[in-house]
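Visitor: File name input_38.txt; file contents compact mmCIF, C-alpha atoms and all ligand atoms; full text below.
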# COMPACT_ATOMS: atom_id res chain seq x y z
CA MET A 1 -45.14 3.46 32.74
CA THR A 2 -48.40 5.00 31.50
CA LYS A 3 -50.73 3.45 29.00
CA ILE A 4 -50.06 6.27 26.56
CA SER A 5 -46.33 5.74 26.39
CA MET A 6 -46.83 1.97 26.04
CA THR A 7 -49.06 2.66 23.07
CA ALA A 8 -46.50 5.04 21.64
CA ILE A 9 -43.80 2.39 21.93
CA GLY A 10 -46.16 -0.13 20.35
CA LEU A 11 -46.79 2.18 17.40
CA LEU A 12 -43.09 2.88 17.06
CA PHE A 13 -42.37 -0.86 17.02
CA VAL A 14 -44.98 -1.50 14.33
CA SER A 15 -43.75 1.31 12.11
CA THR A 16 -40.10 0.22 12.49
CA THR A 17 -40.98 -3.34 11.56
CA LEU A 18 -42.82 -2.12 8.48
CA ALA A 19 -39.90 0.07 7.47
CA ASN A 20 -37.49 -2.86 7.73
CA ALA A 21 -39.77 -5.12 5.75
CA HIS A 22 -40.08 -2.46 3.09
CA ASP A 23 -36.31 -1.81 2.90
CA GLU A 24 -35.52 -5.48 2.77
CA LYS A 25 -37.73 -5.96 -0.28
CA ALA A 26 -36.16 -2.97 -2.00
CA LEU A 27 -32.71 -4.49 -1.56
CA MET A 28 -33.53 -7.91 -2.97
CA ASN A 29 -32.45 -6.95 -6.50
CA ALA A 30 -29.56 -4.89 -7.82
CA PRO A 31 -29.09 -2.03 -8.01
CA ALA A 32 -29.58 -1.26 -4.34
CA GLY A 33 -30.95 2.28 -4.24
CA GLU A 34 -29.68 5.25 -2.28
CA PRO A 35 -27.66 5.56 -0.14
CA TYR A 36 -25.98 2.47 -1.59
CA VAL A 37 -23.41 2.79 -4.38
CA LYS A 38 -21.90 0.10 -6.54
CA VAL A 39 -18.44 -0.51 -5.14
CA SER A 40 -16.82 -0.89 -8.59
CA ASP A 41 -18.22 2.53 -9.59
CA VAL A 42 -16.33 4.32 -6.83
CA LEU A 43 -13.29 2.11 -6.22
CA PRO A 44 -10.78 0.42 -8.55
CA LEU A 45 -12.21 -3.08 -8.15
CA PRO A 46 -13.69 -5.58 -10.61
CA GLU A 47 -17.47 -5.28 -11.05
CA PHE A 48 -17.89 -8.95 -10.13
CA ILE A 49 -15.48 -10.20 -7.49
CA PRO A 50 -15.20 -14.02 -7.45
CA GLY A 51 -16.59 -15.13 -4.08
CA LEU A 52 -18.31 -11.84 -3.31
CA GLY A 53 -20.21 -11.02 -6.49
CA THR A 54 -21.21 -7.43 -7.25
CA LEU A 55 -21.04 -5.32 -4.11
CA PHE A 56 -23.07 -2.29 -3.07
CA VAL A 57 -22.34 -0.27 0.06
CA ASP A 58 -23.49 2.89 1.81
CA PRO A 59 -20.17 4.82 1.96
CA ALA A 60 -21.16 6.23 5.38
CA THR A 61 -20.96 2.72 6.84
CA LEU A 62 -17.37 1.98 5.78
CA PRO A 63 -15.37 -0.02 6.62
CA ALA A 64 -17.81 -2.48 8.26
CA GLY A 65 -20.68 -2.21 5.83
CA PRO A 66 -23.04 -4.00 5.28
CA PHE A 67 -21.85 -4.71 1.74
CA LEU A 68 -24.74 -6.17 -0.23
CA ALA A 69 -23.55 -8.95 -2.53
CA TYR A 70 -25.51 -9.67 -5.71
CA ASP A 71 -25.11 -12.58 -8.10
CA ARG A 72 -24.78 -12.20 -11.88
CA ASP A 73 -28.57 -12.00 -12.21
CA GLY A 74 -28.75 -9.14 -9.73
CA ARG A 75 -30.24 -11.25 -6.92
CA LEU A 76 -29.23 -10.41 -3.36
CA SER A 77 -27.19 -13.41 -2.27
CA ALA A 78 -25.17 -12.33 0.76
CA THR A 79 -24.56 -9.56 3.25
CA VAL A 80 -20.86 -8.97 3.96
CA TYR A 81 -19.15 -7.13 6.83
CA MET A 82 -15.49 -6.10 6.78
CA THR A 83 -13.87 -5.44 10.15
CA PRO A 84 -10.20 -4.33 10.36
CA LEU A 85 -8.27 -6.56 12.76
CA ASP A 86 -6.38 -3.72 14.39
CA ASP A 87 -9.64 -1.88 15.09
CA LEU A 88 -11.01 -4.95 16.84
CA GLN A 89 -7.77 -5.38 18.74
CA ASN A 90 -7.88 -1.74 19.83
CA GLY A 91 -11.36 -2.17 21.27
CA VAL A 92 -13.47 -0.86 18.41
CA SER A 93 -16.68 -2.85 18.06
CA PHE A 94 -19.11 -2.91 15.16
CA ASP A 95 -22.57 -3.28 16.63
CA GLY A 96 -26.11 -3.27 15.32
CA LEU A 97 -25.08 -3.55 11.67
CA ASN A 98 -27.86 -3.70 9.11
CA LEU A 99 -28.81 -6.77 7.13
CA GLY A 100 -29.66 -7.06 3.45
CA SER A 101 -32.10 -9.86 4.22
CA HIS A 102 -33.25 -11.46 7.45
CA THR A 103 -33.01 -14.94 5.94
CA VAL A 104 -29.56 -16.42 6.51
CA SER A 105 -28.68 -19.98 5.49
CA SER A 106 -24.98 -20.04 6.45
CA THR A 107 -22.08 -17.79 7.46
CA ASP A 108 -18.41 -17.73 6.44
CA VAL A 109 -15.73 -15.80 8.35
CA TYR A 110 -12.24 -15.45 6.91
CA PHE A 111 -9.19 -13.19 6.70
CA ASN A 112 -8.58 -10.72 3.89
CA ALA A 113 -5.25 -8.97 3.43
CA GLY A 114 -6.93 -5.80 2.17
CA HIS A 115 -8.26 -4.26 -1.01
CA PRO A 116 -9.16 -0.77 -2.22
CA GLY A 117 -11.84 0.58 0.12
CA VAL A 118 -10.80 -1.49 3.14
CA GLU A 119 -7.03 -1.49 2.89
CA LYS A 120 -6.18 -2.70 6.38
CA PRO A 121 -6.02 -6.44 6.94
CA HIS A 122 -9.54 -7.39 8.00
CA ALA A 123 -12.08 -10.13 8.53
CA HIS A 124 -14.83 -10.83 6.02
CA VAL A 125 -18.06 -11.98 7.67
CA VAL A 126 -20.32 -13.31 4.93
CA LEU A 127 -23.97 -14.11 5.65
CA PHE A 128 -25.40 -16.14 2.76
CA HIS A 129 -29.10 -15.63 2.21
CA ASP A 130 -29.96 -18.96 0.55
CA GLU A 131 -28.46 -22.40 -0.03
CA GLY A 132 -27.25 -21.68 -3.56
CA ALA A 133 -25.83 -18.22 -2.84
CA LYS A 134 -22.23 -19.22 -2.28
CA GLU A 135 -22.08 -21.06 -5.59
CA ARG A 136 -23.65 -18.18 -7.50
CA LEU A 137 -21.15 -15.71 -6.03
CA ALA A 138 -18.17 -17.97 -6.73
CA GLU A 139 -17.80 -16.92 -10.36
CA MET B 1 15.19 6.78 -20.14
CA ASN B 2 12.27 5.16 -18.40
CA CYS B 3 9.31 4.08 -20.43
CA THR B 4 6.13 3.20 -18.61
CA ARG B 5 2.98 1.89 -20.14
CA ARG B 6 -0.35 0.83 -18.72
CA HIS B 7 -2.78 -1.21 -20.75
CA ALA B 8 -5.84 -3.35 -20.48
CA LEU B 9 -4.96 -6.71 -21.97
CA TRP B 10 -8.56 -7.78 -22.17
CA LEU B 11 -11.36 -5.49 -23.23
CA ALA B 12 -15.00 -6.22 -22.55
CA GLY B 13 -15.44 -8.17 -25.75
CA GLY B 14 -12.39 -10.32 -25.11
CA THR B 15 -10.24 -8.73 -27.77
CA ILE B 16 -6.60 -8.17 -27.04
CA ALA B 17 -5.56 -4.55 -26.95
CA VAL B 18 -2.39 -4.10 -28.92
CA CYS B 19 0.32 -2.05 -27.32
CA ALA B 20 0.14 1.27 -29.09
CA VAL B 21 3.73 2.20 -28.37
CA THR B 22 6.22 1.08 -30.99
CA ARG B 23 8.95 -0.97 -29.44
CA SER B 24 12.39 0.43 -29.86
CA SER B 25 14.84 -1.85 -31.66
CA GLY B 26 13.79 -5.48 -31.53
CA ALA B 27 16.29 -6.83 -29.01
CA GLN B 28 14.46 -5.64 -25.92
CA THR B 29 13.71 -8.31 -23.33
CA VAL B 30 10.46 -8.25 -21.38
CA THR B 31 10.36 -10.06 -18.07
CA ASP B 32 7.04 -10.86 -16.40
CA VAL B 33 6.08 -10.28 -12.82
CA LYS B 34 2.57 -11.34 -11.81
CA MET B 35 0.44 -9.79 -9.12
CA ARG B 36 -1.29 -12.66 -7.43
CA GLY B 37 -3.69 -13.40 -4.62
CA SER B 38 -5.37 -16.38 -3.00
CA ALA B 39 -9.02 -17.01 -3.87
CA ARG B 40 -10.43 -15.16 -0.87
CA GLY B 41 -7.65 -12.58 -0.64
CA GLU B 42 -5.99 -13.97 2.47
CA LYS B 43 -2.60 -13.61 0.74
CA VAL B 44 -1.35 -11.25 -1.95
CA TRP B 45 2.09 -11.18 -3.52
CA PHE B 46 4.35 -10.36 -6.46
CA ASP B 47 5.54 -13.44 -8.34
CA PRO B 48 8.50 -13.50 -8.45
CA LEU B 49 9.13 -11.13 -5.57
CA GLY B 50 12.85 -10.95 -6.33
CA LEU B 51 14.13 -10.52 -9.86
CA SER B 52 17.51 -9.98 -11.50
CA VAL B 53 17.65 -8.34 -14.95
CA THR B 54 20.24 -6.70 -17.16
CA PRO B 55 20.28 -2.90 -17.59
CA GLY B 56 17.78 -1.83 -20.25
CA SER B 57 15.34 -4.64 -19.51
CA THR B 58 11.62 -4.06 -19.51
CA VAL B 59 9.61 -5.59 -16.70
CA ARG B 60 5.90 -6.15 -17.21
CA PHE B 61 3.67 -6.32 -14.12
CA THR B 62 0.34 -8.04 -14.80
CA ASN B 63 -2.53 -8.38 -12.35
CA ARG B 64 -3.41 -12.10 -12.35
CA ASP B 65 -5.58 -11.84 -9.25
CA PRO B 66 -9.21 -12.06 -10.39
CA GLY B 67 -10.65 -10.65 -7.17
CA ASN B 68 -8.48 -7.66 -6.39
CA SER B 69 -6.68 -4.66 -7.81
CA HIS B 70 -3.03 -3.92 -7.23
CA THR B 71 -0.44 -1.28 -7.99
CA VAL B 72 3.30 -1.44 -8.54
CA THR B 73 4.79 1.68 -7.02
CA ALA B 74 8.46 2.57 -6.55
CA TYR B 75 9.58 3.71 -3.12
CA HIS B 76 10.36 7.33 -3.92
CA PRO B 77 9.50 10.82 -2.58
CA LYS B 78 7.69 11.60 -5.84
CA TYR B 79 4.94 9.11 -4.97
CA PHE B 80 3.26 9.36 -1.57
CA ASP B 81 6.35 11.00 -0.09
CA ARG B 82 8.18 7.74 0.58
CA LYS B 83 11.91 7.37 1.20
CA ARG B 84 13.82 6.54 -1.97
CA ARG B 85 14.64 2.85 -2.42
CA ILE B 86 15.63 2.96 -6.10
CA PRO B 87 18.86 4.35 -7.59
CA ALA B 88 19.11 8.15 -7.50
CA GLY B 89 19.45 8.33 -11.27
CA ALA B 90 16.40 6.19 -11.97
CA GLU B 91 12.96 7.47 -12.85
CA PRO B 92 10.35 6.44 -10.24
CA TRP B 93 7.01 4.99 -11.31
CA ASP B 94 3.50 4.34 -10.06
CA SER B 95 1.21 2.13 -12.12
CA ASP B 96 -1.99 3.35 -10.44
CA PHE B 97 -4.56 0.61 -9.80
CA LEU B 98 -4.47 -2.31 -12.20
CA LEU B 99 -7.69 -4.27 -12.49
CA PRO B 100 -7.51 -8.01 -13.24
CA ASP B 101 -5.54 -8.68 -16.46
CA GLU B 102 -4.30 -5.10 -16.81
CA TYR B 103 -0.56 -4.59 -16.95
CA PHE B 104 2.11 -1.95 -16.55
CA GLU B 105 5.62 -1.89 -17.99
CA VAL B 106 8.75 -0.18 -16.81
CA THR B 107 12.16 -0.14 -18.48
CA LEU B 108 15.08 -0.09 -16.06
CA THR B 109 18.39 1.28 -17.28
CA VAL B 110 20.27 2.46 -14.17
CA PRO B 111 22.13 -0.41 -12.46
CA GLY B 112 21.20 -0.99 -8.84
CA VAL B 113 18.52 -2.14 -6.44
CA TYR B 114 14.87 -1.17 -6.91
CA ASP B 115 12.32 -1.80 -4.17
CA TYR B 116 8.65 -1.35 -4.90
CA TYR B 117 5.29 -2.03 -3.24
CA CYS B 118 1.61 -2.41 -3.90
CA LEU B 119 -0.23 0.64 -2.59
CA PRO B 120 -3.27 -1.07 -1.04
CA HIS B 121 -1.27 -4.10 0.14
CA GLU B 122 1.93 -2.75 1.60
CA MET B 123 0.49 -3.50 5.03
CA ALA B 124 0.26 -7.12 3.91
CA ALA B 125 3.95 -6.91 2.87
CA MET B 126 3.14 -7.07 -0.86
CA VAL B 127 6.51 -5.77 -2.00
CA GLY B 128 9.20 -6.73 -4.45
CA ARG B 129 12.82 -6.12 -5.35
CA ILE B 130 14.47 -5.89 -8.75
CA VAL B 131 18.24 -5.96 -9.11
CA VAL B 132 19.40 -4.36 -12.35
CA GLY B 133 22.89 -5.46 -13.39
CA THR B 134 25.51 -6.22 -10.75
CA PRO B 135 27.69 -4.21 -8.35
CA ALA B 136 30.41 -4.40 -11.05
CA ASP B 137 28.39 -2.14 -13.36
CA ALA B 138 29.34 1.54 -13.62
CA GLY B 139 26.88 3.75 -11.77
CA TRP B 140 25.59 0.90 -9.58
CA GLU B 141 23.63 2.03 -6.52
CA GLY B 142 23.05 -0.70 -3.95
CA LEU B 143 20.46 -1.30 -1.31
CA SER B 144 18.77 1.60 0.46
CA GLU B 145 19.97 1.83 4.02
CA ASP B 146 16.77 3.37 5.29
CA GLN B 147 15.03 1.26 7.94
CA THR B 148 12.56 3.88 9.16
CA ASP B 149 10.07 4.30 6.32
CA VAL B 150 9.13 0.65 5.86
CA SER B 151 7.83 -1.93 8.33
CA ASP B 152 9.83 -4.85 9.68
CA GLN B 153 7.50 -7.15 7.73
CA VAL B 154 8.38 -5.37 4.49
CA LEU B 155 12.12 -5.57 5.18
CA ALA B 156 11.79 -9.26 6.08
CA ALA B 157 9.81 -10.03 2.92
CA LEU B 158 12.43 -8.62 0.54
CA PRO B 159 15.01 -11.20 -0.60
CA SER B 160 18.68 -10.29 -0.31
CA VAL B 161 20.47 -8.75 -3.29
CA GLU B 162 22.97 -11.62 -3.29
CA ASP B 163 20.25 -14.27 -3.42
CA ILE B 164 18.48 -12.47 -6.25
CA ILE B 165 21.65 -12.17 -8.34
CA ALA B 166 22.53 -15.83 -7.65
CA ASN B 167 19.06 -17.14 -8.55
CA ASP B 168 17.76 -14.68 -11.19
CA ALA B 169 14.27 -14.90 -9.70
CA ILE B 170 13.00 -15.63 -6.22
CA THR B 171 9.44 -16.71 -5.48
CA ARG B 172 7.77 -16.97 -2.12
CA LYS B 173 9.03 -19.65 0.20
CA ASP B 174 5.74 -21.54 0.26
CA GLY B 175 6.20 -22.20 -3.46
CA SER B 176 3.19 -20.28 -4.70
CU CU C 1 -1.68 -5.62 -4.08
For this file, write the structure as structure tokens.
Ligand SMILES: [Cu+2]
Guide:
Amino acid sequence: MTKISMTAIGLLFVSTTLANAHDEKALMNAPAGEPYVKVSDVLPLPEFIPGLGTLFVDPATLPAGPFLAYDRDGRLSATVYMTPLDDLQNGVSFDGLNLGSHTVSSTDVYFNAGHPGVEKPHAHVVLFHDEGAKERLAE
Amino acid sequence: MNCTRRHALWLAGGTIAVCAVTRSSGAQTVTDVKMRGSARGEKVWFDPLGLSVTPGSTVRFTNRDPGNSHTVTAYHPKYFDRKRRIPAGAEPWDSDFLLPDEYFEVTLTVPGVYDYYCLPHEMAAMVGRIVVGTPADAGWEGLSEDQTDVSDQVLAALPSVEDIIANDAITRKDGS
């Protein structure tokens, strides 16, 4: 590999890192900007879902997400993925999914029977971004 | 006649919305069916899932699941091209999505067996059965014989007509 291409890769790496850092900051408070939409604006769901808070998602990433979960004060509290069980069983994988924040304090994984938007029975994978997040999203 | 109504019980300010439709003569009975779900949505169900009422009864379906929306939709070609599982003479209904604490009412006059489902949760076997009157009533139409349009899970979830008539209301076996 030549020196030039190594430098190019280095530059690419730096710029990608900066972009992520920038995006992450932008997502810390609701509303998450484009391409994210508030889930309750586009689907018949409550604005604040007990356990998940107020969700934003980029419709292009459905069903897996990430869904960005905000507490009642608009603070990013969790990143949620929704993966249909039959997709997983049929060999579909959901790789390289984005994160709302790179700080994760704990993770919950559980079954959901379905809801508007992701109607097939699926798993919720919930990455909480701080110690108090779960409590703030509870109600 | 079938009368259907959809209302938000609770408005943003917490006031109760009064049903705008004047009730016909006072003797009408209203029976409640709740749409329920576990806290994280692992389970969703109609409570009771089997119900026996007299012809002319009004059934009110209320979403009591704070984290999800549900519908109550009759199995009928008019809605989503499903096979009919209500009496031929009965008017089908679809509540559309009910957010938490919203409700929908249907008045059932034709005697027979009515099967219905929740649109986003049929795959989770969120279904119910209402028996109006008894086989002795004139015009009674019993159980749909179709086994092709609904899943085995749905057929297994529906209580038998005999059990419903004998018990008036049937809730899920796990007691919730
Ligand atoms: Cu439902």
Visitor: Please write as an NGL selection string the list of polymer residues whose atoms come within 6 Å of (-2.0, -14.0, 2.8), counting all atoms listed in the file and keeping to the coordinates of the file.
Guide: :B and (42-44)
Visitor: Would you kindly identify which residues have an atom no farther than 12 Å from (-11.9, -6.0, -10.4), using only C-alpha atoms and the file's own coordinates, and write them out as a PyMOL selection string?
Guide: (chain A and resi 39-50+52-55+115-116) or (chain B and resi 63-70+97-102)
Visitor: Print the selection's residues with C-alpha atoms to a file, as a compact mmCIF listing (two decimals), in the frame of the given file.
Guide:
# COMPACT_ATOMS: atom_id res chain seq x y z
CA VAL A 39 -18.44 -0.51 -5.14
CA SER A 40 -16.82 -0.89 -8.59
CA ASP A 41 -18.22 2.53 -9.59
CA VAL A 42 -16.33 4.32 -6.83
CA LEU A 43 -13.29 2.11 -6.22
CA PRO A 44 -10.78 0.42 -8.55
CA LEU A 45 -12.21 -3.08 -8.15
CA PRO A 46 -13.69 -5.58 -10.61
CA GLU A 47 -17.47 -5.28 -11.05
CA PHE A 48 -17.89 -8.95 -10.13
CA ILE A 49 -15.48 -10.20 -7.49
CA PRO A 50 -15.20 -14.02 -7.45
CA LEU A 52 -18.31 -11.84 -3.31
CA GLY A 53 -20.21 -11.02 -6.49
CA THR A 54 -21.21 -7.43 -7.25
CA LEU A 55 -21.04 -5.32 -4.11
CA HIS A 115 -8.26 -4.26 -1.01
CA PRO A 116 -9.16 -0.77 -2.22
CA ASN B 63 -2.53 -8.38 -12.35
CA ARG B 64 -3.41 -12.10 -12.35
CA ASP B 65 -5.58 -11.84 -9.25
CA PRO B 66 -9.21 -12.06 -10.39
CA GLY B 67 -10.65 -10.65 -7.17
CA ASN B 68 -8.48 -7.66 -6.39
CA SER B 69 -6.68 -4.66 -7.81
CA HIS B 70 -3.03 -3.92 -7.23
CA PHE B 97 -4.56 0.61 -9.80
CA LEU B 98 -4.47 -2.31 -12.20
CA LEU B 99 -7.69 -4.27 -12.49
CA PRO B 100 -7.51 -8.01 -13.24
CA ASP B 101 -5.54 -8.68 -16.46
CA GLU B 102 -4.30 -5.10 -16.81
Visitor: Set the cut-off to 6 Å, count all atoms listed in the file, and list whatever residues fall near ligand CU 1 (chain C) as JSON, numbers by chain.
Guide: {"B": [70, 71, 118, 120, 121, 126]}
Visitor: Between atom CA of B:Asp163 and atom CA of B:Lys78, what is the distance in Å, rounded to a tenth?
Guide: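 If I compute the distance from atom CA of B:Asp163 to atom CA of B:Lys78, I get 28.9 Å.
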Visitor: Which of these, A:Ala64, A:Leu88, A:Leu127, A:Ala113, has the shortest distance to chain B once you count all atoms listed in the file?
Guide: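 The answer is A:Ala113, which sits nearest to chain B.
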Visitor: Residues at most 6 Å from stretch 144-154 of chain B, counting only C-alpha atoms, excluding those fewer than 2 positions away in the same chain, as a list in words?
Guide: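 Counting only the stated atoms, we get Arg85, Ala125, Ala156 and Ala157 of chain B.
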Visitor: Record the distance separating atom CA of B:Arg40 and atom CA of A:Gly51, expressed in Å with one decimal.
Guide: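 So the two atoms, atom CA of B:Arg40 and atom CA of A:Gly51, lie 6.9 Å apart.
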Visitor: Between atom CA of B:Gly41 and atom CA of B:Pro92, what is the spacing in Å?
Guide: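 Interatomic distance, atom CA of B:Pro92 to atom CA of B:Gly41: 27.9 Å.
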Visitor: Quick one: residues within 7 Å of stretch 54-62 of chain B, all atoms listed in the file counted, chain neighbours fewer than 6 positions away excluded, as a ChimeraX atom specification?
Guide: /B:28-35,101-111,132-133
Visitor: Taking all atoms listed in the file into account, which of A:Lys25, A:His122, A:His129, A:Arg136 comes nearest chain B?
Guide: A:His122
Visitor: When you count all atoms listed in the file, which of these residues is closest to chain A: B:Val72, B:Leu143, B:Met123, B:Ile130?
Guide: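 Closest residue, counting all atoms listed in the file: B:Met123.
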Visitor: Taking only C-alpha atoms into account, which of A:Lys134, A:His124, A:Lys38, A:His102 comes nearest A:Asp58?
Guide: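 Once distances to A:Asp58 are computed over only C-alpha atoms, the minimum belongs to A:Lys38.
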Visitor: What lies within 12 Å of B:His76 using all atoms listed in the file, ignoring chain neighbours under 5 positions off, as a PyMOL selection string?
Guide: chain B and resi 81-94+114-117+144+146+149-150
Visitor: Measuring atom to atom with all atoms listed in the file, identify which of A:Thr83, A:Asn29, A:Ser77, A:Ser93 is nearest to A:Asn112.
Guide: A:Thr83
Visitor: With distances taken over all atoms listed in the file, which of B:Ile170, B:Ala138, B:Leu119, B:Leu49 is nearest to chain A?
Guide: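 That would be B:Leu119, the residue with the smallest distance to chain A.
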